[in-house]
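Beneath this line is the structure, given in structure tokens, with notes to follow.
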Amino acid sequence: MSHTTPPPARLPDGSRLELGTATASYQIEGGVADDGRGVSIWDTFAARPGTVRDGRDGTVACDSYHRYAEDADLVAGLGLDWYRFSIAWPRVLPEGSGRVETRGLDYYDRVVDALLERGVKPAATLYHWDLPQPLEDAGGWLARETPAAFADYAEVVYARLGDRVGLWATHNEPWCAAYLGYAAGVHAPGRREGGAAHRAAHHLMLGHAWASERLHSLGGSAGGCDVGIVLNLAPIRPGRSEAVELADQIDAVRNRVWLDPLAQGAYDDGLLRVAPELADPGLVRPGDLEAIHDSADWVGINYYTPVRPDVVVAGRPPHPERDAYPGTDPFDLVVPEPRTAIGWEIDATGLTDVLRETAARIDRPLLVMENGAACSDEVIAEGRVADDDRIIYLRDHLAAVDVARAEGVDVRGYVVWTLLDNFEWAEGYTKTFGLVHIDHTDQRRTPKASYAWLAGVVRERSSSLTE
Ligand code: FCB
């Protein structure tokens, strides 16, 4: 590591709310066959008919594999402190373990340098769902070898980027990876194995803990790092007393399965009733919970919408999302208006609530690592995309973070999802969350009204600090 490199930017100190925007490798990079990249579970899943709404995939996506410098310009144009990006495991280790593909690391090296040259601090996520297919073939997150391979992968990436990247997330939304992937089957790898998904959850946490340990032990030579995990925690709001017990069960699978082992080194009794798999000593082995306990320096929260469970009306089926909560009683979900274009209720107070509730559960600095809205994004004329609904959504949610901070909740960052319209997983390209519109015929990037608005907010916030 070079002696001239300044130490990497680490966790913000909280003196002000630092702002950023986020993306994920499979959603933006494309270039799936470039420079020796291996196959990921999302390549395989998206190729299966019926898995993605528009039948498309991430083969080209936003072509950021080739256009990363233009994208770094767009981030810099916003004046943001941070850019949160993710690393595609199969670019670095095409078989998932063993042979390292240096050209894959070279790409992330270029991304990091492009950001730093433009005065933007990089925050890296190691796992935003693109598991190498050979590891899935060997059992995926249901196998204990996968977290071990994840820690090795983390070490390889850190050895290359750790001198310039000081803020690391292990996983993004392990709830989606475990429960949408292995129970509901609506995300890769598309397995519908019910309670086995709790095993995936434990292995994801173990992978987090082991990777965190590895990064910290290497960190000394690279200038140190702050390692966290990004969770899609949700406020669970039962509308009536009959749904209170359901709410507790849902809270267990959505929130406590991650927070309890981190904060207390244990899975609680309520969770174990919903997820008896987590009481299996063959799964949760001696030392596992100790390793997970206190393994996050910070906790990231992705917030979009609250969860409002209700009891199932006799004769009606449970809500389809129930499949993603194995072990809970069947439930329905209430989704009031207003909603975004993806059908998610808009409720900014939920963000203040989830920050407050998480702070009560774990004593760690919090970062909002994703928040944003899918909108209809009317293209008014060449070069103008009107997305006032996104502006209102972001304005209200940013204000909700300020409320939490004013109450004393230790929130240090707020990151907008997302920079670019991209491959929105099972929704394909039909739902757009970007600050920047992409014409997928020629990859032309057009900043939307929300982009100009956010740049203005960044300017205002920084000038109010210097006044
Ligand atoms: C989150 C994901 C992110 C994006 C947003 C809309 O669950 O982390 O990749 O799809 O939702």
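Starting from 1 in every chain, residues are counted up; chains themselves are A, B, ... following the order of the structure tokens, and ligands are numbered from 1 as listed.
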
(request) Could I get the residue neighbourhood of ligand 1 at 8 Å, counting only C-alpha atoms and all ligand atoms, as JSON, numbers by chain? (result) {"A": [23, 24, 27, 128, 172, 173, 176, 232, 302, 304, 370, 371, 372, 373, 374, 417, 418, 424, 425, 433]}

How about saving the chosen residues, N, CA and C atoms kept, as a compact mmCIF listing (two decimals), in the first residue's frame?
# COMPACT_ATOMS: atom_id res chain seq x y z
N THR A 23 -25.94 2.28 -5.28
CA THR A 23 -26.26 1.39 -6.41
C THR A 23 -25.85 -0.03 -5.99
N ALA A 24 -26.15 -0.99 -6.87
CA ALA A 24 -25.70 -2.37 -6.63
C ALA A 24 -25.19 -2.97 -7.93
N GLN A 27 -27.42 -4.66 -10.58
CA GLN A 27 -28.46 -3.78 -11.08
C GLN A 27 -27.94 -2.76 -12.10
N HIS A 128 -24.44 -7.78 -2.33
CA HIS A 128 -25.78 -7.28 -2.69
C HIS A 128 -26.37 -8.32 -3.64
N ASN A 172 -26.09 -6.63 2.16
CA ASN A 172 -27.25 -5.78 1.96
C ASN A 172 -28.51 -6.63 2.12
N GLU A 173 -29.37 -6.21 3.03
CA GLU A 173 -30.68 -6.83 3.21
C GLU A 173 -30.65 -8.36 3.21
N CYS A 176 -33.84 -10.27 2.45
CA CYS A 176 -34.21 -10.60 1.06
C CYS A 176 -33.42 -11.82 0.59
N ASN A 232 -32.90 -4.37 5.95
CA ASN A 232 -34.17 -3.69 5.64
C ASN A 232 -35.15 -3.91 6.79
N ASN A 302 -32.24 0.18 5.53
CA ASN A 302 -32.91 0.55 4.28
C ASN A 302 -34.39 0.64 4.59
N TYR A 304 -38.24 1.81 3.12
CA TYR A 304 -39.14 2.26 2.05
C TYR A 304 -40.57 2.43 2.54
N GLU A 370 -30.39 3.16 2.38
CA GLU A 370 -31.24 3.23 1.19
C GLU A 370 -32.56 3.85 1.59
N ASN A 371 -33.03 4.75 0.75
CA ASN A 371 -34.38 5.28 0.86
C ASN A 371 -34.69 5.97 -0.46
N GLY A 372 -35.85 5.70 -1.00
CA GLY A 372 -36.18 6.32 -2.28
C GLY A 372 -37.53 5.80 -2.78
N ALA A 373 -37.89 6.23 -3.97
CA ALA A 373 -39.23 5.91 -4.47
C ALA A 373 -39.20 5.55 -5.95
N ALA A 374 -40.04 4.57 -6.30
CA ALA A 374 -40.31 4.28 -7.71
C ALA A 374 -41.43 5.21 -8.16
N TRP A 417 -31.58 5.85 -2.52
CA TRP A 417 -31.68 4.81 -3.53
C TRP A 417 -32.48 5.39 -4.69
N THR A 418 -31.89 5.64 -5.83
CA THR A 418 -30.61 5.21 -6.34
C THR A 418 -30.10 6.22 -7.35
N GLU A 424 -34.41 -3.60 -11.63
CA GLU A 424 -35.03 -3.67 -10.30
C GLU A 424 -35.48 -5.12 -10.00
N TRP A 425 -34.50 -6.02 -9.97
CA TRP A 425 -34.71 -7.41 -9.57
C TRP A 425 -35.93 -8.03 -10.29
N PHE A 433 -36.30 3.94 -9.92
CA PHE A 433 -36.01 4.62 -8.65
C PHE A 433 -34.92 5.70 -8.83

(message) Please return, as a ChimeraX atom specification, all residues of segment 293-458 of chain A that DSSP assigns to strand (DSSP E) on the basis of the backbone.
(response) /A:298-302,309-310,332-333,366-370,378-381,384-386,411-417,436-439,444-447

Would you kindly return, as a PDB file with N, CA, C and O atoms, in the first residue's frame, each protein, DNA or RNA residue with an atom no farther than 12 Å from any atom of Gln443 of chain A, considering only C-alpha atoms and excluding same-chain residues fewer than 4 positions away?
ATOM      1  N   ILE A  28     -26.635  -2.475 -12.079  1.00  0.00           N
ATOM      2  CA  ILE A  28     -26.124  -1.416 -12.970  1.00  0.00           C
ATOM      3  C   ILE A  28     -24.986  -1.826 -13.897  1.00  0.00           C
ATOM      4  O   ILE A  28     -24.788  -1.205 -14.934  1.00  0.00           O
ATOM      5  N   GLU A  29     -24.204  -2.832 -13.518  1.00  0.00           N
ATOM      6  CA  GLU A  29     -22.931  -3.011 -14.231  1.00  0.00           C
ATOM      7  C   GLU A  29     -23.061  -3.516 -15.661  1.00  0.00           C
ATOM      8  O   GLU A  29     -22.364  -3.045 -16.563  1.00  0.00           O
ATOM      9  N   GLY A  30     -23.918  -4.519 -15.889  1.00  0.00           N
ATOM     10  CA  GLY A  30     -23.859  -5.192 -17.195  1.00  0.00           C
ATOM     11  C   GLY A  30     -22.501  -5.883 -17.305  1.00  0.00           C
ATOM     12  O   GLY A  30     -21.927  -6.301 -16.300  1.00  0.00           O
ATOM     13  N   VAL A  60     -26.880  -6.249 -19.683  1.00  0.00           N
ATOM     14  CA  VAL A  60     -26.375  -4.922 -20.076  1.00  0.00           C
ATOM     15  C   VAL A  60     -26.613  -3.915 -18.956  1.00  0.00           C
ATOM     16  O   VAL A  60     -25.745  -3.093 -18.636  1.00  0.00           O
ATOM     17  N   ALA A  61     -27.797  -3.970 -18.348  1.00  0.00           N
ATOM     18  CA  ALA A  61     -28.186  -3.055 -17.266  1.00  0.00           C
ATOM     19  C   ALA A  61     -27.889  -1.608 -17.670  1.00  0.00           C
ATOM     20  O   ALA A  61     -28.311  -1.162 -18.737  1.00  0.00           O
ATOM     21  N   CYS A  62     -27.111  -0.888 -16.851  1.00  0.00           N
ATOM     22  CA  CYS A  62     -26.777   0.506 -17.183  1.00  0.00           C
ATOM     23  C   CYS A  62     -25.385   0.600 -17.786  1.00  0.00           C
ATOM     24  O   CYS A  62     -24.839   1.701 -17.917  1.00  0.00           O
ATOM     25  N   ASP A  63     -24.799  -0.529 -18.076  1.00  0.00           N
ATOM     26  CA  ASP A  63     -23.460  -0.587 -18.669  1.00  0.00           C
ATOM     27  C   ASP A  63     -22.434   0.182 -17.827  1.00  0.00           C
ATOM     28  O   ASP A  63     -21.468   0.728 -18.351  1.00  0.00           O
ATOM     29  N   SER A  64     -22.646   0.219 -16.535  1.00  0.00           N
ATOM     30  CA  SER A  64     -21.705   0.968 -15.684  1.00  0.00           C
ATOM     31  C   SER A  64     -20.333   0.312 -15.646  1.00  0.00           C
ATOM     32  O   SER A  64     -19.359   0.943 -15.222  1.00  0.00           O
ATOM     33  N   HIS A  66     -18.651  -0.165 -18.072  1.00  0.00           N
ATOM     34  CA  HIS A  66     -17.851   0.645 -18.999  1.00  0.00           C
ATOM     35  C   HIS A  66     -18.030   2.139 -18.773  1.00  0.00           C
ATOM     36  O   HIS A  66     -17.204   2.927 -19.195  1.00  0.00           O
ATOM     37  N   ARG A  67     -19.121   2.537 -18.131  1.00  0.00           N
ATOM     38  CA  ARG A  67     -19.437   3.962 -18.006  1.00  0.00           C
ATOM     39  C   ARG A  67     -19.254   4.474 -16.584  1.00  0.00           C
ATOM     40  O   ARG A  67     -19.888   5.457 -16.197  1.00  0.00           O
ATOM     41  N   GLU A  70     -18.390   8.237 -16.113  1.00  0.00           N
ATOM     42  CA  GLU A  70     -19.537   9.134 -16.311  1.00  0.00           C
ATOM     43  C   GLU A  70     -20.445   9.091 -15.068  1.00  0.00           C
ATOM     44  O   GLU A  70     -20.971  10.117 -14.624  1.00  0.00           O
ATOM     45  N   ASP A  71     -20.615   7.902 -14.506  1.00  0.00           N
ATOM     46  CA  ASP A  71     -21.454   7.776 -13.317  1.00  0.00           C
ATOM     47  C   ASP A  71     -20.811   8.480 -12.109  1.00  0.00           C
ATOM     48  O   ASP A  71     -21.513   9.100 -11.308  1.00  0.00           O
ATOM     49  N   LEU A 420     -29.170   5.634 -10.605  1.00  0.00           N
ATOM     50  CA  LEU A 420     -29.614   5.387 -11.987  1.00  0.00           C
ATOM     51  C   LEU A 420     -30.853   4.498 -12.042  1.00  0.00           C
ATOM     52  O   LEU A 420     -30.971   3.572 -11.238  1.00  0.00           O
ATOM     53  N   ASP A 421     -31.726   4.730 -12.994  1.00  0.00           N
ATOM     54  CA  ASP A 421     -32.782   3.744 -13.268  1.00  0.00           C
ATOM     55  C   ASP A 421     -32.077   2.449 -13.651  1.00  0.00           C
ATOM     56  O   ASP A 421     -31.175   2.458 -14.503  1.00  0.00           O
ATOM     57  N   ASN A 422     -32.485   1.340 -13.046  1.00  0.00           N
ATOM     58  CA  ASN A 422     -31.677   0.129 -13.231  1.00  0.00           C
ATOM     59  C   ASN A 422     -32.528  -1.133 -13.228  1.00  0.00           C
ATOM     60  O   ASN A 422     -33.753  -1.066 -13.236  1.00  0.00           O
ATOM     61  N   VAL A 436     -31.386   9.668 -11.936  1.00  0.00           N
ATOM     62  CA  VAL A 436     -30.973   9.868 -13.323  1.00  0.00           C
ATOM     63  C   VAL A 436     -31.735   8.857 -14.187  1.00  0.00           C
ATOM     64  O   VAL A 436     -31.726   7.654 -13.901  1.00  0.00           O
ATOM     65  N   HIS A 437     -32.373   9.372 -15.212  1.00  0.00           N
ATOM     66  CA  HIS A 437     -33.123   8.531 -16.162  1.00  0.00           C
ATOM     67  C   HIS A 437     -32.131   7.889 -17.133  1.00  0.00           C
ATOM     68  O   HIS A 437     -31.146   8.520 -17.532  1.00  0.00           O
ATOM     69  N   ILE A 438     -32.409   6.643 -17.477  1.00  0.00           N
ATOM     70  CA  ILE A 438     -31.550   5.993 -18.475  1.00  0.00           C
ATOM     71  C   ILE A 438     -32.411   5.601 -19.665  1.00  0.00           C
ATOM     72  O   ILE A 438     -33.457   4.957 -19.495  1.00  0.00           O
ATOM     73  N   ASP A 439     -31.963   5.970 -20.828  1.00  0.00           N
ATOM     74  CA  ASP A 439     -32.597   5.483 -22.045  1.00  0.00           C
ATOM     75  C   ASP A 439     -31.872   4.173 -22.376  1.00  0.00           C
ATOM     76  O   ASP A 439     -30.694   4.188 -22.756  1.00  0.00           O
TER      77      ASP A 439
END

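Distance check against Gly190 of chain A using only C-alpha atoms: of A:Gly343, A:Gly38, A:Gly140, A:Gly104, the minimum falls on A:Gly140.
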
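If you count only C-alpha atoms and ignore residues fewer than 2 places along the chain from segment 153-157 of chain A, what sits within 9 Å of it is Ile87, Trp89, Val92, Leu93, Gly96, Ser97, Val100, Leu105, Leu126, Ala148, Ala149, Phe150, Ala151, Ala159, Arg160, Leu161, Gly162, Thr170, Ala211, Ser212, Arg214, Leu215 and Leu218 of chain A.
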
(request) From segment 187-344 of chain A, collect each residue whose DSSP state is alpha helix (DSSP H) and return the set as an MDAnalysis selection string. (result) chainID A and resid 196:222 244:251 257:264 269:274 288:292

Written file, previous selection with C-alpha atoms, as a short mmCIF file (atom, residue, chain, number, x, y, z; two decimals), in the first residue's frame:
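Full text of result.cif as output:
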data_model
loop_
_atom_site.label_atom_id
_atom_site.label_comp_id
_atom_site.auth_asym_id
_atom_site.auth_seq_id
_atom_site.Cartn_x
_atom_site.Cartn_y
_atom_site.Cartn_z
CA ALA A 196 -34.93 -23.78 5.73
CA ALA A 197 -34.60 -20.08 4.95
CA HIS A 198 -33.91 -19.51 8.66
CA ARG A 199 -30.75 -21.55 8.13
CA ALA A 200 -29.78 -19.17 5.35
CA ALA A 201 -30.36 -16.28 7.75
CA HIS A 202 -27.99 -17.77 10.32
CA HIS A 203 -25.32 -18.46 7.71
CA LEU A 204 -25.63 -14.92 6.34
CA MET A 205 -25.04 -13.56 9.84
CA LEU A 206 -22.14 -15.91 10.34
CA GLY A 207 -20.65 -14.71 7.05
CA HIS A 208 -21.07 -11.13 8.22
CA ALA A 209 -19.34 -11.88 11.51
CA TRP A 210 -16.43 -13.77 10.01
CA ALA A 211 -15.89 -11.17 7.28
CA SER A 212 -16.05 -8.37 9.83
CA GLU A 213 -13.44 -10.12 11.95
CA ARG A 214 -11.18 -10.58 8.89
CA LEU A 215 -11.48 -6.94 7.81
CA HIS A 216 -10.73 -5.67 11.29
CA SER A 217 -7.69 -7.86 11.62
CA LEU A 218 -6.35 -6.67 8.27
CA GLY A 219 -7.48 -3.09 8.86
CA GLY A 220 -4.48 -2.12 10.93
CA SER A 221 -2.13 -2.06 8.00
CA ALA A 222 -4.61 -0.29 5.70
CA VAL A 244 -50.62 -7.85 17.67
CA GLU A 245 -49.34 -11.42 18.03
CA LEU A 246 -48.86 -11.63 14.25
CA ALA A 247 -46.91 -8.37 14.35
CA ASP A 248 -44.59 -9.86 16.95
CA GLN A 249 -43.98 -12.94 14.79
CA ILE A 250 -43.27 -10.81 11.73
CA ASP A 251 -41.00 -8.54 13.76
CA VAL A 257 -33.34 -12.33 13.71
CA TRP A 258 -30.57 -9.87 12.76
CA LEU A 259 -30.55 -7.39 15.63
CA ASP A 260 -30.76 -9.77 18.58
CA PRO A 261 -27.64 -11.81 17.81
CA LEU A 262 -25.74 -8.61 16.98
CA ALA A 263 -26.83 -6.79 20.13
CA GLN A 264 -27.19 -9.67 22.58
CA ASP A 269 -37.66 -17.16 22.59
CA GLY A 270 -40.34 -15.55 20.44
CA LEU A 271 -38.13 -15.92 17.40
CA LEU A 272 -37.30 -19.51 18.25
CA ARG A 273 -41.03 -20.31 18.36
CA VAL A 274 -41.38 -18.98 14.81
CA ASP A 288 -21.39 -18.79 16.37
CA LEU A 289 -23.49 -16.39 18.42
CA GLU A 290 -20.41 -15.12 20.24
CA ALA A 291 -18.84 -14.33 16.86
CA ILE A 292 -21.95 -12.45 15.69
#

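You will find atom CA of Leu11 of chain A at 24.6 Å from atom CA of Ala69 of chain A.
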
Would you pick out the contacts of Val39 of chain A at 12 Å or less, using only C-alpha atoms, so that residues sharing its chain but fewer than 5 positions from it are not included, and give the list as a short mmCIF file (atom, residue, chain, number, x, y, z; two decimals) with all heavy atoms, in the first residue's frame?
data_model
loop_
_atom_site.label_atom_id
_atom_site.label_comp_id
_atom_site.auth_asym_id
_atom_site.auth_seq_id
_atom_site.Cartn_x
_atom_site.Cartn_y
_atom_site.Cartn_z
N TYR A 26 -25.17 -5.92 -9.67
CA TYR A 26 -25.94 -6.59 -10.73
C TYR A 26 -26.98 -5.65 -11.35
O TYR A 26 -27.36 -5.80 -12.50
CB TYR A 26 -26.64 -7.85 -10.19
CG TYR A 26 -27.25 -8.67 -11.31
CD1 TYR A 26 -26.44 -9.34 -12.22
CD2 TYR A 26 -28.63 -8.72 -11.50
CE1 TYR A 26 -26.98 -10.07 -13.28
CE2 TYR A 26 -29.19 -9.45 -12.55
CZ TYR A 26 -28.35 -10.12 -13.44
OH TYR A 26 -28.89 -10.82 -14.49
N GLY A 31 -22.00 -6.01 -18.53
CA GLY A 31 -20.67 -6.60 -18.70
C GLY A 31 -20.54 -7.96 -18.02
O GLY A 31 -19.48 -8.27 -17.47
N VAL A 32 -21.58 -8.77 -18.08
CA VAL A 32 -21.58 -10.00 -17.29
C VAL A 32 -20.56 -11.04 -17.77
O VAL A 32 -20.20 -11.95 -17.02
CB VAL A 32 -22.98 -10.66 -17.19
CG1 VAL A 32 -23.92 -9.79 -16.38
CG2 VAL A 32 -23.56 -10.93 -18.57
N ALA A 33 -20.12 -10.88 -19.02
CA ALA A 33 -19.14 -11.86 -19.50
C ALA A 33 -17.75 -11.22 -19.63
O ALA A 33 -16.82 -11.86 -20.12
CB ALA A 33 -19.59 -12.41 -20.85
N ASP A 34 -17.62 -9.97 -19.17
CA ASP A 34 -16.35 -9.28 -19.36
C ASP A 34 -15.30 -9.70 -18.33
O ASP A 34 -15.62 -9.95 -17.17
CB ASP A 34 -16.55 -7.76 -19.22
CG ASP A 34 -17.28 -7.16 -20.41
OD1 ASP A 34 -18.03 -7.90 -21.05
OD2 ASP A 34 -17.09 -5.97 -20.66
N THR A 44 -28.54 -16.76 -13.49
CA THR A 44 -29.27 -18.02 -13.66
C THR A 44 -30.76 -17.83 -13.42
O THR A 44 -31.59 -18.29 -14.21
CB THR A 44 -28.73 -19.06 -12.64
OG1 THR A 44 -27.31 -19.08 -12.75
CG2 THR A 44 -29.28 -20.44 -12.90
N PHE A 45 -31.08 -17.13 -12.35
CA PHE A 45 -32.50 -16.94 -11.98
C PHE A 45 -33.23 -16.14 -13.05
O PHE A 45 -34.32 -16.51 -13.49
CB PHE A 45 -32.54 -16.22 -10.62
CG PHE A 45 -33.92 -15.93 -10.10
CD1 PHE A 45 -34.70 -16.95 -9.57
CD2 PHE A 45 -34.43 -14.63 -10.11
CE1 PHE A 45 -35.97 -16.68 -9.07
CE2 PHE A 45 -35.70 -14.36 -9.61
CZ PHE A 45 -36.47 -15.38 -9.09
N ALA A 46 -32.62 -15.03 -13.49
CA ALA A 46 -33.30 -14.15 -14.45
C ALA A 46 -33.48 -14.84 -15.80
O ALA A 46 -34.38 -14.48 -16.57
CB ALA A 46 -32.53 -12.84 -14.61
N ALA A 47 -32.65 -15.83 -16.08
CA ALA A 47 -32.77 -16.55 -17.36
C ALA A 47 -33.94 -17.52 -17.35
O ALA A 47 -34.33 -18.04 -18.40
CB ALA A 47 -31.47 -17.29 -17.66
N GLY A 58 -29.76 -8.58 -16.18
CA GLY A 58 -28.71 -7.59 -15.96
C GLY A 58 -27.54 -7.70 -16.93
O GLY A 58 -26.46 -7.18 -16.66
N THR A 59 -27.76 -8.36 -18.06
CA THR A 59 -26.65 -8.56 -19.01
C THR A 59 -26.03 -7.24 -19.44
O THR A 59 -24.80 -7.13 -19.53
CB THR A 59 -27.15 -9.33 -20.25
OG1 THR A 59 -27.74 -10.54 -19.80
CG2 THR A 59 -26.03 -9.65 -21.20
N ALA A 88 -19.34 -7.30 -7.06
CA ALA A 88 -19.87 -8.58 -7.55
C ALA A 88 -18.86 -9.67 -7.23
O ALA A 88 -17.78 -9.72 -7.83
CB ALA A 88 -20.14 -8.49 -9.05
N TRP A 89 -19.24 -10.51 -6.30
CA TRP A 89 -18.37 -11.62 -5.87
C TRP A 89 -17.85 -12.41 -7.08
O TRP A 89 -16.64 -12.71 -7.17
CB TRP A 89 -19.17 -12.45 -4.88
CG TRP A 89 -18.53 -13.58 -4.16
CD1 TRP A 89 -17.33 -14.20 -4.43
CD2 TRP A 89 -19.07 -14.24 -3.00
NE1 TRP A 89 -17.11 -15.20 -3.53
CE2 TRP A 89 -18.15 -15.25 -2.64
CE3 TRP A 89 -20.24 -14.08 -2.25
CZ2 TRP A 89 -18.38 -16.09 -1.55
CZ3 TRP A 89 -20.46 -14.92 -1.17
CH2 TRP A 89 -19.54 -15.91 -0.82
N PRO A 90 -18.72 -12.77 -8.07
CA PRO A 90 -18.20 -13.57 -9.20
C PRO A 90 -17.24 -12.84 -10.13
O PRO A 90 -16.59 -13.49 -10.97
CB PRO A 90 -19.45 -13.99 -9.98
CG PRO A 90 -20.59 -13.25 -9.41
CD PRO A 90 -20.18 -12.55 -8.16
N ARG A 91 -17.12 -11.51 -9.99
CA ARG A 91 -16.06 -10.83 -10.76
C ARG A 91 -14.69 -11.09 -10.12
O ARG A 91 -13.68 -11.09 -10.80
CB ARG A 91 -16.26 -9.31 -10.76
CG ARG A 91 -17.28 -8.84 -11.74
CD ARG A 91 -17.10 -7.37 -12.09
NE ARG A 91 -18.28 -6.91 -12.76
CZ ARG A 91 -18.59 -7.19 -14.03
NH1 ARG A 91 -17.77 -7.87 -14.79
NH2 ARG A 91 -19.71 -6.75 -14.55
N VAL A 92 -14.71 -11.23 -8.80
CA VAL A 92 -13.46 -11.33 -8.05
C VAL A 92 -13.03 -12.80 -7.92
O VAL A 92 -11.84 -13.11 -8.04
CB VAL A 92 -13.65 -10.68 -6.65
CG1 VAL A 92 -12.40 -10.82 -5.81
CG2 VAL A 92 -14.04 -9.22 -6.80
N LEU A 93 -13.99 -13.65 -7.66
CA LEU A 93 -13.72 -15.10 -7.53
C LEU A 93 -14.75 -15.81 -8.41
O LEU A 93 -15.85 -16.14 -7.95
CB LEU A 93 -13.85 -15.54 -6.08
CG LEU A 93 -12.76 -14.99 -5.17
CD1 LEU A 93 -13.33 -14.53 -3.84
CD2 LEU A 93 -11.69 -16.03 -4.92
N PRO A 94 -14.45 -16.02 -9.66
CA PRO A 94 -15.45 -16.56 -10.60
C PRO A 94 -16.05 -17.89 -10.16
O PRO A 94 -17.21 -18.17 -10.47
CB PRO A 94 -14.66 -16.72 -11.90
CG PRO A 94 -13.52 -15.76 -11.77
CD PRO A 94 -13.18 -15.70 -10.32
N GLU A 95 -15.28 -18.67 -9.42
CA GLU A 95 -15.84 -19.95 -8.94
C GLU A 95 -16.37 -19.80 -7.50
O GLU A 95 -16.78 -20.79 -6.90
CB GLU A 95 -14.80 -21.07 -8.98
CG GLU A 95 -14.49 -21.56 -10.40
CD GLU A 95 -13.38 -20.75 -11.07
OE1 GLU A 95 -12.43 -20.36 -10.36
OE2 GLU A 95 -13.47 -20.49 -12.29
N GLY A 96 -16.30 -18.61 -6.97
CA GLY A 96 -16.80 -18.38 -5.61
C GLY A 96 -15.71 -18.49 -4.57
O GLY A 96 -15.72 -17.82 -3.56
N ASP A 130 -25.35 -11.08 -5.38
CA ASP A 130 -24.87 -11.85 -6.53
C ASP A 130 -23.90 -12.95 -6.09
O ASP A 130 -22.69 -12.86 -6.26
CB ASP A 130 -24.30 -10.98 -7.67
CG ASP A 130 -23.73 -9.66 -7.23
OD1 ASP A 130 -23.47 -9.48 -6.03
OD2 ASP A 130 -23.51 -8.80 -8.10
N LEU A 131 -24.49 -14.00 -5.54
CA LEU A 131 -23.70 -15.17 -5.12
C LEU A 131 -23.17 -15.91 -6.36
O LEU A 131 -23.91 -16.13 -7.31
CB LEU A 131 -24.61 -16.13 -4.34
CG LEU A 131 -23.92 -17.35 -3.70
CD1 LEU A 131 -23.04 -16.92 -2.54
CD2 LEU A 131 -24.97 -18.36 -3.21
N PRO A 132 -21.89 -16.29 -6.35
CA PRO A 132 -21.39 -17.10 -7.47
C PRO A 132 -22.18 -18.41 -7.59
O PRO A 132 -22.40 -19.10 -6.59
CB PRO A 132 -19.92 -17.37 -7.08
CG PRO A 132 -19.57 -16.23 -6.16
CD PRO A 132 -20.83 -15.94 -5.40
N GLN A 133 -22.57 -18.73 -8.81
CA GLN A 133 -23.41 -19.91 -9.04
C GLN A 133 -22.79 -21.22 -8.51
O GLN A 133 -23.50 -22.06 -7.96
CB GLN A 133 -23.73 -20.04 -10.55
CG GLN A 133 -24.71 -21.14 -10.88
CD GLN A 133 -26.09 -20.95 -10.24
OE1 GLN A 133 -26.62 -19.83 -10.21
NE2 GLN A 133 -26.66 -22.02 -9.71
N PRO A 134 -21.46 -21.41 -8.66
CA PRO A 134 -20.90 -22.67 -8.13
C PRO A 134 -21.14 -22.83 -6.63
O PRO A 134 -21.31 -23.96 -6.15
CB PRO A 134 -19.39 -22.55 -8.43
CG PRO A 134 -19.32 -21.59 -9.58
CD PRO A 134 -20.44 -20.62 -9.37
N LEU A 135 -21.19 -21.73 -5.88
CA LEU A 135 -21.47 -21.86 -4.44
C LEU A 135 -22.93 -22.23 -4.21
O LEU A 135 -23.25 -22.99 -3.29
CB LEU A 135 -21.12 -20.57 -3.70
CG LEU A 135 -19.64 -20.19 -3.67
CD1 LEU A 135 -19.43 -18.94 -2.83
CD2 LEU A 135 -18.80 -21.33 -3.11
N GLU A 136 -23.82 -21.68 -5.03
CA GLU A 136 -25.23 -22.07 -4.92
C GLU A 136 -25.37 -23.56 -5.25
O GLU A 136 -26.09 -24.29 -4.56
CB GLU A 136 -26.08 -21.21 -5.86
CG GLU A 136 -27.55 -21.61 -5.92
CD GLU A 136 -28.25 -21.65 -4.56
OE1 GLU A 136 -27.88 -20.85 -3.66
OE2 GLU A 136 -29.14 -22.51 -4.38
N ASP A 137 -24.66 -24.00 -6.25
CA ASP A 137 -24.74 -25.41 -6.64
C ASP A 137 -24.27 -26.32 -5.50
O ASP A 137 -24.67 -27.48 -5.41
CB ASP A 137 -23.92 -25.68 -7.91
CG ASP A 137 -24.47 -24.92 -9.11
OD1 ASP A 137 -25.65 -24.50 -9.06
OD2 ASP A 137 -23.72 -24.71 -10.08
#

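The coordinates place atom CA of Arg445 of chain A at 23.8 Å from atom CA of Val52 of chain A.
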
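A straight line drawn from atom CA of Pro336 of chain A to atom CA of Val313 of chain A is 17.4 Å long.
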
(message) Please determine, counting only C-alpha atoms, which residue among A:Ala143, A:Leu116, A:Ala341, A:Ala183 has the shortest atom-to-atom distance to Glu321 of chain A.
(response) A:Ala183

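Of the listed residues (A:Pro174, A:Gly228, A:Pro320, A:Gly223), A:Gly228 comes nearest to Leu367 of chain A; the distances count only C-alpha atoms.
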
(message) Taking 4 positions as the minimum chain separation for residues in the same chain, which residues sit within 9 Å of Arg459 of chain A when counting only C-alpha atoms? Answer as a PyMOL selection string.
(response) chain A and resi 78-79+454-455+463-464
